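Colleague: Quick one, coords25.pdb (PDB, C-alpha atoms, pLDDT in the B column):
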```pdb
ATOM      1  CA  MET A 287      13.561   7.336  49.761  1.00 53.00           C
ATOM      2  CA  GLU A 288      11.711  10.550  49.118  1.00 57.00           C
ATOM      3  CA  ASN A 289      10.810  11.803  45.648  1.00 57.00           C
ATOM      4  CA  GLY A 290      13.516  14.444  45.837  1.00 57.00           C
ATOM      5  CA  ALA A 291      16.232  11.780  45.965  1.00 61.00           C
ATOM      6  CA  VAL A 292      14.841   9.841  42.971  1.00 62.00           C
ATOM      7  CA  TYR A 293      13.929  12.680  40.626  1.00 58.00           C
ATOM      8  CA  GLY A 294      16.603  15.070  39.547  1.00 59.00           C
ATOM      9  CA  PRO A 295      15.952  18.652  38.497  1.00 61.00           C
ATOM     10  CA  THR A 296      15.797  17.645  34.804  1.00 65.00           C
ATOM     11  CA  THR A 297      13.348  14.768  35.244  1.00 61.00           C
ATOM     12  CA  GLU A 298       9.705  15.513  34.522  1.00 61.00           C
ATOM     13  CA  GLU A 299       6.837  13.693  36.155  1.00 63.00           C
ATOM     14  CA  ASP A 300       4.592  11.450  34.078  1.00 59.00           C
ATOM     15  CA  PRO A 301       1.996  13.851  32.630  1.00 55.00           C
ATOM     16  CA  GLY A 302      -0.753  11.218  32.714  1.00 56.00           C
ATOM     17  CA  PRO A 303      -3.548  10.783  30.197  1.00 55.00           C
ATOM     18  CA  ALA A 304      -5.363  14.051  30.973  1.00 53.00           C
ATOM     19  CA  ARG A 305      -2.421  16.384  30.402  1.00 51.00           C
ATOM     20  CA  GLY A 306      -0.627  17.312  27.235  1.00 51.00           C
ATOM     21  CA  PRO A 307      -1.229  19.332  24.100  1.00 58.00           C
ATOM     22  CA  ARG A 308      -3.965  17.023  22.761  1.00 58.00           C
ATOM     23  CA  SER A 309      -6.288  15.328  25.185  1.00 61.00           C
ATOM     24  CA  GLY A 310      -9.883  14.222  25.166  1.00 64.00           C
ATOM     25  CA  LEU A 311     -11.666  14.308  21.813  1.00 64.00           C
ATOM     26  CA  ALA A 312      -8.952  16.446  20.232  1.00 66.00           C
ATOM     27  CA  ALA A 313      -6.530  13.517  20.537  1.00 68.00           C
ATOM     28  CA  TYR A 314      -8.743  11.502  18.169  1.00 73.00           C
ATOM     29  CA  CYS A 315      -9.195  14.198  15.524  1.00 77.00           C
ATOM     30  CA  PHE A 316      -6.639  14.386  12.711  1.00 77.00           C
ATOM     31  CA  LEU A 317      -7.356  16.729   9.804  1.00 75.00           C
ATOM     32  CA  GLY A 318      -4.245  15.892   7.790  1.00 79.00           C
ATOM     33  CA  ARG A 319      -5.826  13.161   5.663  1.00 82.00           C
ATOM     34  CA  LEU A 320      -7.584  15.731   3.499  1.00 85.00           C
ATOM     35  CA  ARG A 321      -5.857  18.546   1.667  1.00 86.00           C
ATOM     36  CA  TRP A 322      -6.778  22.044   2.804  1.00 89.00           C
ATOM     37  CA  HIS A 323      -9.085  22.745  -0.156  1.00 90.00           C
ATOM     38  CA  ARG A 324     -10.934  19.445   0.357  1.00 89.00           C
ATOM     39  CA  ARG A 325     -11.292  20.216   4.082  1.00 90.00           C
ATOM     40  CA  ALA A 326     -12.732  23.603   3.191  1.00 92.00           C
ATOM     41  CA  LEU A 327     -15.166  22.045   0.714  1.00 93.00           C
ATOM     42  CA  LYS A 328     -16.250  19.386   3.215  1.00 93.00           C
ATOM     43  CA  GLY A 329     -16.734  22.047   5.888  1.00 94.00           C
ATOM     44  CA  LEU A 330     -18.759  24.234   3.525  1.00 95.00           C
ATOM     45  CA  GLN A 331     -20.897  21.258   2.520  1.00 96.00           C
ATOM     46  CA  LEU A 332     -21.589  20.534   6.161  1.00 96.00           C
ATOM     47  CA  VAL A 333     -22.410  24.119   7.144  1.00 97.00           C
ATOM     48  CA  LEU A 334     -24.453  24.995   4.041  1.00 97.00           C
ATOM     49  CA  SER A 335     -26.554  21.835   4.158  1.00 97.00           C
ATOM     50  CA  LEU A 336     -27.210  22.456   7.856  1.00 97.00           C
ATOM     51  CA  LEU A 337     -28.206  26.069   7.154  1.00 97.00           C
ATOM     52  CA  ALA A 338     -30.518  24.933   4.338  1.00 96.00           C
ATOM     53  CA  PHE A 339     -32.123  22.407   6.666  1.00 96.00           C
ATOM     54  CA  VAL A 340     -32.561  24.926   9.501  1.00 96.00           C
ATOM     55  CA  CYS A 341     -34.027  27.589   7.199  1.00 95.00           C
ATOM     56  CA  GLU A 342     -36.418  25.037   5.753  1.00 93.00           C
ATOM     57  CA  GLU A 343     -37.488  23.980   9.247  1.00 94.00           C
ATOM     58  CA  VAL A 344     -38.452  27.579  10.044  1.00 93.00           C
ATOM     59  CA  VAL A 345     -41.129  27.514   7.324  1.00 91.00           C
ATOM     60  CA  SER A 346     -44.441  27.340   9.187  1.00 87.00           C
ATOM     61  CA  GLN A 347     -46.919  26.716   6.367  1.00 88.00           C
ATOM     62  CA  CYS A 348     -46.933  25.770   2.724  1.00 86.00           C
ATOM     63  CA  THR A 349     -49.464  25.378  -0.078  1.00 87.00           C
ATOM     64  CA  LEU A 350     -47.566  22.809  -2.180  1.00 87.00           C
ATOM     65  CA  CYS A 351     -45.677  20.888   0.482  1.00 89.00           C
ATOM     66  CA  GLY A 352     -44.173  18.109  -1.646  1.00 91.00           C
ATOM     67  CA  GLY A 353     -41.195  20.202  -2.722  1.00 92.00           C
ATOM     68  CA  LEU A 354     -40.655  21.404   0.836  1.00 93.00           C
ATOM     69  CA  TYR A 355     -40.696  17.876   2.250  1.00 94.00           C
ATOM     70  CA  PHE A 356     -38.362  16.558  -0.426  1.00 96.00           C
ATOM     71  CA  PHE A 357     -35.983  19.460   0.195  1.00 96.00           C
ATOM     72  CA  GLU A 358     -36.177  18.772   3.936  1.00 96.00           C
ATOM     73  CA  PHE A 359     -35.271  15.111   3.466  1.00 97.00           C
ATOM     74  CA  VAL A 360     -32.424  15.856   1.065  1.00 97.00           C
ATOM     75  CA  SER A 361     -30.906  18.689   3.113  1.00 97.00           C
ATOM     76  CA  CYS A 362     -30.992  16.617   6.316  1.00 97.00           C
ATOM     77  CA  SER A 363     -29.532  13.592   4.518  1.00 97.00           C
ATOM     78  CA  ALA A 364     -26.810  15.733   2.933  1.00 96.00           C
ATOM     79  CA  PHE A 365     -25.883  17.145   6.332  1.00 97.00           C
ATOM     80  CA  LEU A 366     -25.702  13.705   7.931  1.00 97.00           C
ATOM     81  CA  LEU A 367     -23.724  12.162   5.056  1.00 96.00           C
ATOM     82  CA  SER A 368     -21.197  14.995   4.986  1.00 95.00           C
ATOM     83  CA  LEU A 369     -20.856  14.757   8.767  1.00 95.00           C
ATOM     84  CA  LEU A 370     -20.294  11.012   8.486  1.00 94.00           C
ATOM     85  CA  LEU A 371     -17.606  11.453   5.835  1.00 93.00           C
ATOM     86  CA  LEU A 372     -15.824  14.090   7.919  1.00 92.00           C
ATOM     87  CA  ILE A 373     -15.936  11.820  10.960  1.00 91.00           C
ATOM     88  CA  VAL A 374     -14.457   8.943   8.956  1.00 91.00           C
ATOM     89  CA  TYR A 375     -11.682  11.113   7.502  1.00 91.00           C
ATOM     90  CA  CYS A 376     -10.768  12.831  10.778  1.00 88.00           C
ATOM     91  CA  THR A 377     -10.892   9.978  13.293  1.00 87.00           C
ATOM     92  CA  PRO A 378      -9.074   6.661  13.749  1.00 86.00           C
ATOM     93  CA  VAL A 379     -11.964   4.966  11.924  1.00 86.00           C
ATOM     94  CA  TYR A 380     -10.105   5.837   8.709  1.00 87.00           C
ATOM     95  CA  ASP A 381      -7.200   3.630   9.777  1.00 85.00           C
ATOM     96  CA  ARG A 382      -9.504   0.661  10.415  1.00 89.00           C
ATOM     97  CA  VAL A 383     -11.266   0.856   7.036  1.00 89.00           C
ATOM     98  CA  ASP A 384      -9.726   0.369   3.606  1.00 90.00           C
ATOM     99  CA  ALA A 385      -8.663   3.826   2.365  1.00 88.00           C
ATOM    100  CA  LEU A 386      -9.642   3.043  -1.235  1.00 91.00           C
ATOM    101  CA  LYS A 387     -13.162   2.142  -0.148  1.00 92.00           C
ATOM    102  CA  VAL A 388     -13.456   5.377   1.832  1.00 92.00           C
ATOM    103  CA  LYS A 389     -12.326   7.438  -1.154  1.00 92.00           C
ATOM    104  CA  SER A 390     -14.598   5.538  -3.508  1.00 93.00           C
ATOM    105  CA  SER A 391     -17.561   5.956  -1.166  1.00 94.00           C
ATOM    106  CA  ASP A 392     -16.772   9.652  -0.792  1.00 94.00           C
ATOM    107  CA  PHE A 393     -16.607  10.004  -4.576  1.00 95.00           C
ATOM    108  CA  TYR A 394     -20.026   8.453  -5.232  1.00 96.00           C
ATOM    109  CA  ILE A 395     -21.763   9.875  -2.149  1.00 96.00           C
ATOM    110  CA  THR A 396     -20.597  13.373  -3.074  1.00 96.00           C
ATOM    111  CA  LEU A 397     -21.802  12.988  -6.664  1.00 96.00           C
ATOM    112  CA  GLY A 398     -25.178  11.557  -5.661  1.00 97.00           C
ATOM    113  CA  THR A 399     -25.760  14.079  -2.911  1.00 97.00           C
ATOM    114  CA  GLY A 400     -24.835  17.007  -5.147  1.00 97.00           C
ATOM    115  CA  CYS A 401     -27.167  15.902  -7.951  1.00 97.00           C
ATOM    116  CA  VAL A 402     -30.114  15.111  -5.682  1.00 97.00           C
ATOM    117  CA  PHE A 403     -29.597  18.322  -3.675  1.00 97.00           C
ATOM    118  CA  LEU A 404     -29.595  20.323  -6.911  1.00 97.00           C
ATOM    119  CA  LEU A 405     -32.787  18.567  -8.023  1.00 97.00           C
ATOM    120  CA  ALA A 406     -34.436  19.187  -4.630  1.00 96.00           C
ATOM    121  CA  SER A 407     -33.481  22.860  -4.783  1.00 96.00           C
ATOM    122  CA  ILE A 408     -34.957  23.208  -8.281  1.00 96.00           C
ATOM    123  CA  ILE A 409     -38.188  21.497  -7.202  1.00 95.00           C
ATOM    124  CA  PHE A 410     -38.369  23.667  -4.075  1.00 95.00           C
ATOM    125  CA  VAL A 411     -37.914  26.816  -6.182  1.00 95.00           C
ATOM    126  CA  SER A 412     -40.906  25.835  -8.307  1.00 94.00           C
ATOM    127  CA  THR A 413     -43.185  25.075  -5.318  1.00 91.00           C
ATOM    128  CA  HIS A 414     -42.244  27.616  -2.627  1.00 88.00           C
ATOM    129  CA  ASP A 415     -44.568  30.308  -1.230  1.00 89.00           C
ATOM    130  CA  ARG A 416     -42.065  33.177  -1.491  1.00 89.00           C
ATOM    131  CA  THR A 417     -41.315  33.682   2.194  1.00 91.00           C
ATOM    132  CA  SER A 418     -37.941  34.920   3.382  1.00 92.00           C
ATOM    133  CA  ALA A 419     -37.146  31.625   5.130  1.00 92.00           C
ATOM    134  CA  GLU A 420     -37.831  29.717   1.921  1.00 93.00           C
ATOM    135  CA  TYR A 421     -35.635  32.076  -0.085  1.00 94.00           C
ATOM    136  CA  ALA A 422     -32.820  31.583   2.430  1.00 95.00           C
ATOM    137  CA  ALA A 423     -33.260  27.798   2.333  1.00 95.00           C
ATOM    138  CA  ILE A 424     -33.186  27.842  -1.476  1.00 95.00           C
ATOM    139  CA  VAL A 425     -30.023  29.951  -1.582  1.00 96.00           C
ATOM    140  CA  PHE A 426     -28.256  27.721   0.945  1.00 97.00           C
ATOM    141  CA  GLY A 427     -29.525  24.638  -0.897  1.00 96.00           C
ATOM    142  CA  PHE A 428     -28.115  25.764  -4.221  1.00 97.00           C
ATOM    143  CA  MET A 429     -24.833  26.787  -2.613  1.00 97.00           C
ATOM    144  CA  ALA A 430     -24.549  23.425  -0.833  1.00 97.00           C
ATOM    145  CA  SER A 431     -25.352  21.472  -4.002  1.00 97.00           C
ATOM    146  CA  PHE A 432     -22.710  23.441  -5.909  1.00 97.00           C
ATOM    147  CA  MET A 433     -20.165  22.704  -3.141  1.00 96.00           C
ATOM    148  CA  PHE A 434     -20.939  18.981  -3.370  1.00 97.00           C
ATOM    149  CA  LEU A 435     -20.609  19.038  -7.157  1.00 97.00           C
ATOM    150  CA  PHE A 436     -17.454  21.165  -7.028  1.00 96.00           C
ATOM    151  CA  ASP A 437     -15.950  18.682  -4.557  1.00 95.00           C
ATOM    152  CA  PHE A 438     -16.893  15.825  -6.895  1.00 96.00           C
ATOM    153  CA  PHE A 439     -15.153  17.516  -9.828  1.00 96.00           C
ATOM    154  CA  ALA A 440     -12.103  18.184  -7.648  1.00 94.00           C
ATOM    155  CA  MET A 441     -11.954  14.471  -6.774  1.00 94.00           C
ATOM    156  CA  LEU A 442     -12.431  13.564 -10.445  1.00 95.00           C
ATOM    157  CA  TYR A 443      -9.564  15.887 -11.406  1.00 94.00           C
ATOM    158  CA  GLU A 444      -7.326  14.342  -8.736  1.00 91.00           C
ATOM    159  CA  LYS A 445      -8.184  10.845  -9.990  1.00 91.00           C
ATOM    160  CA  ARG A 446      -7.285  11.801 -13.547  1.00 93.00           C
ATOM    161  CA  GLN A 447      -4.009  13.342 -12.379  1.00 91.00           C
ATOM    162  CA  GLU A 448      -3.114  10.139 -10.527  1.00 87.00           C
ATOM    163  CA  THR A 449      -3.872   7.963 -13.554  1.00 87.00           C
ATOM    164  CA  GLN A 450      -1.847  10.233 -15.847  1.00 86.00           C
ATOM    165  CA  LEU A 451       1.107  10.071 -13.488  1.00 84.00           C
ATOM    166  CA  ARG A 452       0.951   6.271 -13.505  1.00 80.00           C
ATOM    167  CA  LYS A 453       0.302   5.911 -17.225  1.00 69.00           C
ATOM    168  CA  PRO A 454       3.796   6.781 -18.575  1.00 60.00           C
ATOM    169  CA  GLU A 455       5.297   4.297 -16.164  1.00 53.00           C
ATOM    170  CA  ASN A 456       3.076   1.516 -17.484  1.00 52.00           C
ATOM    171  CA  THR A 457       3.678   2.402 -21.163  1.00 54.00           C
ATOM    172  CA  ALA A 458       7.451   2.430 -20.634  1.00 53.00           C
ATOM    173  CA  ARG A 459       7.236  -1.035 -19.169  1.00 56.00           C
ATOM    174  CA  ALA A 460       5.073  -2.224 -22.047  1.00 55.00           C
ATOM    175  CA  GLU A 461       7.568  -0.920 -24.615  1.00 56.00           C
ATOM    176  CA  THR A 462      10.460  -2.719 -22.936  1.00 58.00           C
ATOM    177  CA  LEU A 463       8.465  -5.931 -22.793  1.00 62.00           C
ATOM    178  CA  THR A 464       7.704  -5.864 -26.537  1.00 67.00           C
ATOM    179  CA  GLU A 465      11.322  -5.369 -27.585  1.00 66.00           C
ATOM    180  CA  PRO A 466      13.235  -8.531 -28.445  1.00 64.00           C
ATOM    181  CA  LEU A 467      15.738  -9.715 -25.879  1.00 66.00           C
ATOM    182  CA  ASN A 468      18.638 -10.131 -28.316  1.00 71.00           C
ATOM    183  CA  ALA A 469      18.423  -6.600 -29.747  1.00 60.00           C
TER     184      ALA A 469
END
```
When written as structure tokens, how does the structure in this file appear?
Modeller:
Amino acid sequence: MENGAVYGPTTEEDPGPARGPRSGLAAYCFLGRLRWHRRALKGLQLVLSLLAFVCEEVVSQCTLCGGLYFFEFVSCSAFLLSLLLLIVYCTPVYDRVDALKVKSSDFYITLGTGCVFLLASIIFVSTHDRTSAEYAAIVFGFMASFMFLFDFFAMLYEKRQETQLRKPENTARAETLTEPLNA
């Protein structure tokens, strides 16, 4: 039998693994696990920490290099950590790891990175040689540290909202448990 006899005009051929709306790496990326404002914050953290690192790498000489080296380490680490968190949130790795552990790790990594990045930016401000590349690195460093800290406070706010939503439910149960049964 030829294919014309088996397939009718409404039957579609098997598209195969390479065809379709999402193929290749795009099939593994899912951005829906983070709300839009958290995605924007994570993206800004990634881009700003990368820009701070690149601008710092352009600096050719320094007189007090300790602040520059610390800033270099922190900006590179911040970039890699934010990239790692985005990869975990946007790929099937998230499904294989406990979601509470991912959120908890994100919470503490974001807090730690924001605080250390802010400290590194302050130290770099006090030791820089006033070149344009250093000014750009400092500006991007402060912006990135504020994005990390803003993201931390957004997560803290969401945590408090979740606990407040659960709290009345638990207090209502506690009140019914303390009432006598024959009342």
Colleague: Restricting the calculation to all atoms listed in the file: of A:Val360, A:Val379, A:Leu442, A:Val388, which residue gets closest to Ser407 (chain A)?
Modeller: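 Ranking A:Val360, A:Val379, A:Leu442, A:Val388 by distance to Ser407 (chain A), first place goes to A:Val360.
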Colleague: I'd like the interatomic distance between CA of Ala385 (chain A) and CA of Leu336 (chain A), to a tenth of an Å.
Modeller: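 Taking CA of Ala385 (chain A) and CA of Leu336 (chain A), their separation equals 26.9 Å.
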Colleague: Go through A:Met441, A:Leu372, A:Cys362, A:Cys341 one by one, measure the shortest atom-to-atom distance of each to Val425 (chain A) using only C-alpha atoms, and give the residue with the smallest value.
Modeller: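 Among A:Met441, A:Leu372, A:Cys362, A:Cys341, it is A:Cys341 that comes nearest to Val425 (chain A).
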Colleague: If we count all atoms listed in the file, what is near Leu350 (chain A) at a cut-off of 6 Å, once residues fewer than 2 positions away on the same chain are taken out, given as a PyMOL selection string?
Modeller: chain A and resi 348+352+413
Colleague: Produce a file of the selected residues containing C-alpha atoms, as a PDB file, in the coordinates of the input.
Modeller:
```pdb
ATOM      1  CA  CYS A 348     -46.933  25.770   2.724  1.00 86.00           C
ATOM      2  CA  GLY A 352     -44.173  18.109  -1.646  1.00 91.00           C
ATOM      3  CA  THR A 413     -43.185  25.075  -5.318  1.00 91.00           C
TER       4      THR A 413
END
```
Colleague: One number please: CA of Val411 (chain A) to CA of Thr349 (chain A), in Å, one decimal.
Modeller: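 Atom-to-atom, CA of Val411 (chain A) to CA of Thr349 (chain A), that is 13.1 Å.
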Colleague: Which is closest to Asp392 (chain A) among A:Ser412, A:Ser361, A:Ser368, A:Thr377, if we use only C-alpha atoms?
Modeller: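 Of A:Ser412, A:Ser361, A:Ser368, A:Thr377, the one nearest Asp392 (chain A), counting only C-alpha atoms, is A:Ser368.
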Colleague: Pick from A:Ile395, A:Leu404, A:Val345, A:Ala440: nearest to Arg416 (chain A), with all atoms listed in the file counted?
Modeller: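 So, comparing all the options, the nearest one is A:Val345.
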Colleague: Evaluate the PyMOL selection byres ((chain A and resi 428) around 9) here and jot the selected residues down as a ChimeraX atom specification.
Modeller: /A:338,403-404,407-408,423-427,429-433
Colleague: Taking all atoms listed in the file into account, name the residue in A:Leu397, A:Leu354, A:Leu320, A:Val340 that is nearest to Tyr380 (chain A).
Modeller: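 Looking only at the distances to Tyr380 (chain A), the closest residue turns out to be A:Leu320.
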Colleague: Hey, can you check how far CA of Gln347 (chain A) sits from CA of Ile409 (chain A)?
Modeller: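 These two atoms are separated by 17.0 Å.
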Colleague: Return the single residue from A:Gly400, A:Leu332, A:Leu371, A:Gln447 that is closest to Lys387 (chain A), with distances computed using only C-alpha atoms.
Modeller: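 Checking each candidate against Lys387 (chain A), we get A:Leu371 as the closest.
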Colleague: Will you model N, CA and C atoms for region 308-342 of chain A and pass it back as a PDB file, in the coordinates of the input?
Modeller:
```pdb
ATOM      1  N   ARG A 308      -2.731  17.549  23.352  1.00 58.00           N
ATOM      2  CA  ARG A 308      -3.965  17.023  22.761  1.00 58.00           C
ATOM      3  C   ARG A 308      -4.539  15.971  23.690  1.00 58.00           C
ATOM      4  N   SER A 309      -5.652  16.299  24.313  1.00 61.00           N
ATOM      5  CA  SER A 309      -6.288  15.328  25.185  1.00 61.00           C
ATOM      6  C   SER A 309      -7.784  15.331  24.898  1.00 61.00           C
ATOM      7  N   GLY A 310      -8.449  14.329  25.372  1.00 64.00           N
ATOM      8  CA  GLY A 310      -9.883  14.222  25.166  1.00 64.00           C
ATOM      9  C   GLY A 310     -10.208  13.915  23.717  1.00 64.00           C
ATOM     10  N   LEU A 311     -11.249  14.543  23.192  1.00 64.00           N
ATOM     11  CA  LEU A 311     -11.666  14.308  21.813  1.00 64.00           C
ATOM     12  C   LEU A 311     -10.656  14.834  20.798  1.00 64.00           C
ATOM     13  N   ALA A 312      -9.929  15.875  21.163  1.00 66.00           N
ATOM     14  CA  ALA A 312      -8.952  16.446  20.232  1.00 66.00           C
ATOM     15  C   ALA A 312      -7.840  15.451  19.907  1.00 66.00           C
ATOM     16  N   ALA A 313      -7.571  14.516  20.799  1.00 68.00           N
ATOM     17  CA  ALA A 313      -6.530  13.517  20.537  1.00 68.00           C
ATOM     18  C   ALA A 313      -6.946  12.555  19.432  1.00 68.00           C
ATOM     19  N   TYR A 314      -8.252  12.420  19.191  1.00 73.00           N
ATOM     20  CA  TYR A 314      -8.743  11.502  18.169  1.00 73.00           C
ATOM     21  C   TYR A 314      -8.980  12.169  16.825  1.00 73.00           C
ATOM     22  N   CYS A 315      -8.900  13.470  16.759  1.00 77.00           N
ATOM     23  CA  CYS A 315      -9.195  14.198  15.524  1.00 77.00           C
ATOM     24  C   CYS A 315      -7.895  14.541  14.792  1.00 77.00           C
ATOM     25  N   PHE A 316      -7.807  14.113  13.534  1.00 77.00           N
ATOM     26  CA  PHE A 316      -6.639  14.386  12.711  1.00 77.00           C
ATOM     27  C   PHE A 316      -7.118  14.869  11.350  1.00 77.00           C
ATOM     28  N   LEU A 317      -6.861  16.125  11.032  1.00 75.00           N
ATOM     29  CA  LEU A 317      -7.356  16.729   9.804  1.00 75.00           C
ATOM     30  C   LEU A 317      -6.396  16.592   8.633  1.00 75.00           C
ATOM     31  N   GLY A 318      -5.267  15.950   8.820  1.00 79.00           N
ATOM     32  CA  GLY A 318      -4.245  15.892   7.790  1.00 79.00           C
ATOM     33  C   GLY A 318      -4.514  14.919   6.655  1.00 79.00           C
ATOM     34  N   ARG A 319      -5.553  14.121   6.735  1.00 82.00           N
ATOM     35  CA  ARG A 319      -5.826  13.161   5.663  1.00 82.00           C
ATOM     36  C   ARG A 319      -6.430  13.818   4.437  1.00 82.00           C
ATOM     37  N   LEU A 320      -7.010  14.974   4.612  1.00 85.00           N
ATOM     38  CA  LEU A 320      -7.584  15.731   3.499  1.00 85.00           C
ATOM     39  C   LEU A 320      -6.746  16.972   3.254  1.00 85.00           C
ATOM     40  N   ARG A 321      -6.563  17.303   1.985  1.00 86.00           N
ATOM     41  CA  ARG A 321      -5.857  18.546   1.667  1.00 86.00           C
ATOM     42  C   ARG A 321      -6.702  19.722   2.125  1.00 86.00           C
ATOM     43  N   TRP A 322      -6.075  20.889   2.235  1.00 89.00           N
ATOM     44  CA  TRP A 322      -6.778  22.044   2.804  1.00 89.00           C
ATOM     45  C   TRP A 322      -7.992  22.430   1.979  1.00 89.00           C
ATOM     46  N   HIS A 323      -7.928  22.351   0.649  1.00 90.00           N
ATOM     47  CA  HIS A 323      -9.085  22.745  -0.156  1.00 90.00           C
ATOM     48  C   HIS A 323     -10.218  21.731  -0.024  1.00 90.00           C
ATOM     49  N   ARG A 324      -9.893  20.462   0.145  1.00 89.00           N
ATOM     50  CA  ARG A 324     -10.934  19.445   0.357  1.00 89.00           C
ATOM     51  C   ARG A 324     -11.562  19.596   1.735  1.00 89.00           C
ATOM     52  N   ARG A 325     -10.739  19.952   2.745  1.00 90.00           N
ATOM     53  CA  ARG A 325     -11.292  20.216   4.082  1.00 90.00           C
ATOM     54  C   ARG A 325     -12.245  21.386   4.039  1.00 90.00           C
ATOM     55  N   ALA A 326     -11.865  22.427   3.302  1.00 92.00           N
ATOM     56  CA  ALA A 326     -12.732  23.603   3.191  1.00 92.00           C
ATOM     57  C   ALA A 326     -14.034  23.243   2.486  1.00 92.00           C
ATOM     58  N   LEU A 327     -13.951  22.456   1.421  1.00 93.00           N
ATOM     59  CA  LEU A 327     -15.166  22.045   0.714  1.00 93.00           C
ATOM     60  C   LEU A 327     -16.057  21.182   1.603  1.00 93.00           C
ATOM     61  N   LYS A 328     -15.463  20.244   2.320  1.00 93.00           N
ATOM     62  CA  LYS A 328     -16.250  19.386   3.215  1.00 93.00           C
ATOM     63  C   LYS A 328     -16.902  20.215   4.320  1.00 93.00           C
ATOM     64  N   GLY A 329     -16.165  21.180   4.860  1.00 94.00           N
ATOM     65  CA  GLY A 329     -16.734  22.047   5.888  1.00 94.00           C
ATOM     66  C   GLY A 329     -17.868  22.906   5.349  1.00 94.00           C
ATOM     67  N   LEU A 330     -17.689  23.439   4.138  1.00 95.00           N
ATOM     68  CA  LEU A 330     -18.759  24.234   3.525  1.00 95.00           C
ATOM     69  C   LEU A 330     -19.981  23.376   3.216  1.00 95.00           C
ATOM     70  N   GLN A 331     -19.768  22.158   2.762  1.00 96.00           N
ATOM     71  CA  GLN A 331     -20.897  21.258   2.520  1.00 96.00           C
ATOM     72  C   GLN A 331     -21.681  21.031   3.802  1.00 96.00           C
ATOM     73  N   LEU A 332     -20.960  20.793   4.877  1.00 96.00           N
ATOM     74  CA  LEU A 332     -21.589  20.534   6.161  1.00 96.00           C
ATOM     75  C   LEU A 332     -22.386  21.741   6.636  1.00 96.00           C
ATOM     76  N   VAL A 333     -21.762  22.914   6.626  1.00 97.00           N
ATOM     77  CA  VAL A 333     -22.410  24.119   7.144  1.00 97.00           C
ATOM     78  C   VAL A 333     -23.582  24.541   6.251  1.00 97.00           C
ATOM     79  N   LEU A 334     -23.393  24.544   4.937  1.00 97.00           N
ATOM     80  CA  LEU A 334     -24.453  24.995   4.041  1.00 97.00           C
ATOM     81  C   LEU A 334     -25.653  24.055   4.037  1.00 97.00           C
ATOM     82  N   SER A 335     -25.414  22.755   4.099  1.00 97.00           N
ATOM     83  CA  SER A 335     -26.554  21.835   4.158  1.00 97.00           C
ATOM     84  C   SER A 335     -27.286  21.960   5.489  1.00 97.00           C
ATOM     85  N   LEU A 336     -26.555  22.220   6.571  1.00 97.00           N
ATOM     86  CA  LEU A 336     -27.210  22.456   7.856  1.00 97.00           C
ATOM     87  C   LEU A 336     -28.030  23.746   7.818  1.00 97.00           C
ATOM     88  N   LEU A 337     -27.468  24.804   7.254  1.00 97.00           N
ATOM     89  CA  LEU A 337     -28.206  26.069   7.154  1.00 97.00           C
ATOM     90  C   LEU A 337     -29.453  25.924   6.281  1.00 97.00           C
ATOM     91  N   ALA A 338     -29.350  25.173   5.191  1.00 96.00           N
ATOM     92  CA  ALA A 338     -30.518  24.933   4.338  1.00 96.00           C
ATOM     93  C   ALA A 338     -31.587  24.171   5.112  1.00 96.00           C
ATOM     94  N   PHE A 339     -31.165  23.184   5.879  1.00 96.00           N
ATOM     95  CA  PHE A 339     -32.123  22.407   6.666  1.00 96.00           C
ATOM     96  C   PHE A 339     -32.791  23.270   7.739  1.00 96.00           C
ATOM     97  N   VAL A 340     -32.005  24.081   8.437  1.00 96.00           N
ATOM     98  CA  VAL A 340     -32.561  24.926   9.501  1.00 96.00           C
ATOM     99  C   VAL A 340     -33.521  25.958   8.923  1.00 96.00           C
ATOM    100  N   CYS A 341     -33.146  26.595   7.819  1.00 95.00           N
ATOM    101  CA  CYS A 341     -34.027  27.589   7.199  1.00 95.00           C
ATOM    102  C   CYS A 341     -35.313  26.938   6.694  1.00 95.00           C
ATOM    103  N   GLU A 342     -35.226  25.751   6.211  1.00 93.00           N
ATOM    104  CA  GLU A 342     -36.418  25.037   5.753  1.00 93.00           C
ATOM    105  C   GLU A 342     -37.307  24.659   6.935  1.00 93.00           C
TER     106      GLU A 342
END
```
